[in-house]
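S.K.: My questions will all concern the structure given below.
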Amino acid sequence: MTGPLLKRKLAALNQGNGHTLRRRFTVEEFYRMAAAGIFGEDDRVELVAGDVVDMMPVSARHAACVKRLNYLLNRGVGEQAIVGVQDPLRLDEHTEVLPDVMLLRPRADFYAQVHPGPADVLLVVEVAETSLAYDREVKGRLYARHRIPEYWLVDLEGERVLVHRRPKEGRYTEVRTLGPGDVLTVEALPDVRVPVRAILGSDVTRDA
């Protein structure tokens, strides 16, 4: 299910019937809706503060950046962390999102029993091609509110990475902008170093 049909269905779900207060769905209800076939197998949807949100389509450029992040982080962290790619992150009873990439605390079962929550996350990464404002304002506040310790926002159009740290009272108190000539470090794993140029790929034209 894609396009206008999905949008109409999501609008109906999120707005209610006009006679009752707007309903905030729980994660458990979200999964029941999926099992009932309300969403198609290929639909990319998240639950954000009780609303079912249709995610932006993934372009080839976006997907390539996610693949580079997966490769670079796996190579860097070894057994120090688990790399999750577009996997569910359950933030609270009404919110489950699909970050592009996560670094998770190691677990012997690789989170087979339950999806990771905020306490399991060392780093979350979102890649933005046309969704920069949403990823910065909505996702950024969401991650800060749940005290995700570090959030990288890869801005493909701006050829930069916005590094967010020190969550406090629903916002990140430290935000740094790194360009193609810079090297990222993961605060929880300081020996992990990732060049920004390697994340952005060979289409970067600025000088290092």
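Within each chain, counting starts at residue 1; across the structure tokens, chains are named A, B, ... in the order shown, with ligands numbered 1 upward in that order.
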Quick one: DSSP alpha helix (DSSP H) residues in segment 103-141 of chain A, as an MDAnalysis selection string?
M.R.: chainID A and resid 132:134 140:141
S.K.: Could you please take those selected residues and save C-alpha atoms as a PDB file, in the first residue's frame?
M.R.:
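This is the output file out-v8.pdb:
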```
ATOM      1  CA  LEU A 132      16.511  17.775   7.465  1.00  0.00           C
ATOM      2  CA  ALA A 133      13.997  19.972   9.325  1.00  0.00           C
ATOM      3  CA  TYR A 134      11.976  16.979  10.516  1.00  0.00           C
ATOM      4  CA  GLY A 140      16.156  15.563  17.612  1.00  0.00           C
ATOM      5  CA  ARG A 141      13.740  16.571  20.371  1.00  0.00           C
TER       6      ARG A 141
END
```
S.K.: Can you pull out every residue within 10 Å of Val83 of chain A, counting only C-alpha atoms, but drop anything in the same chain fewer than 6 positions away, and send it as an MDAnalysis selection string?
M.R.: chainID A and resid 69:71 73:74 77 101:106 110 123:124
S.K.: Of the residues A:Gly117, A:Gly158, A:Gly76, A:Pro57, which is the one nearest to Arg44 of chain A, using only C-alpha atoms?
M.R.: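 That would be A:Pro57, the residue with the smallest distance to Arg44 of chain A.
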S.K.: Got a sec to tell me which of segment 14-208 of chain A DSSP assigns to strand (DSSP E or B), as number ranges by chain?
M.R.: A: 45-48, 51-54, 82-85, 89-92, 95-97, 101-104, 121-128, 150-155, 160-168, 171-178, 183-186, 189-195
S.K.: Find, counting only C-alpha atoms, the residue in A:Asp135, A:Asp92, A:Asp87, A:Glu126 that gets nearest to Glu28 of chain A.
M.R.: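 Residue with the minimum atom-to-atom distance to Glu28 of chain A: A:Asp92.
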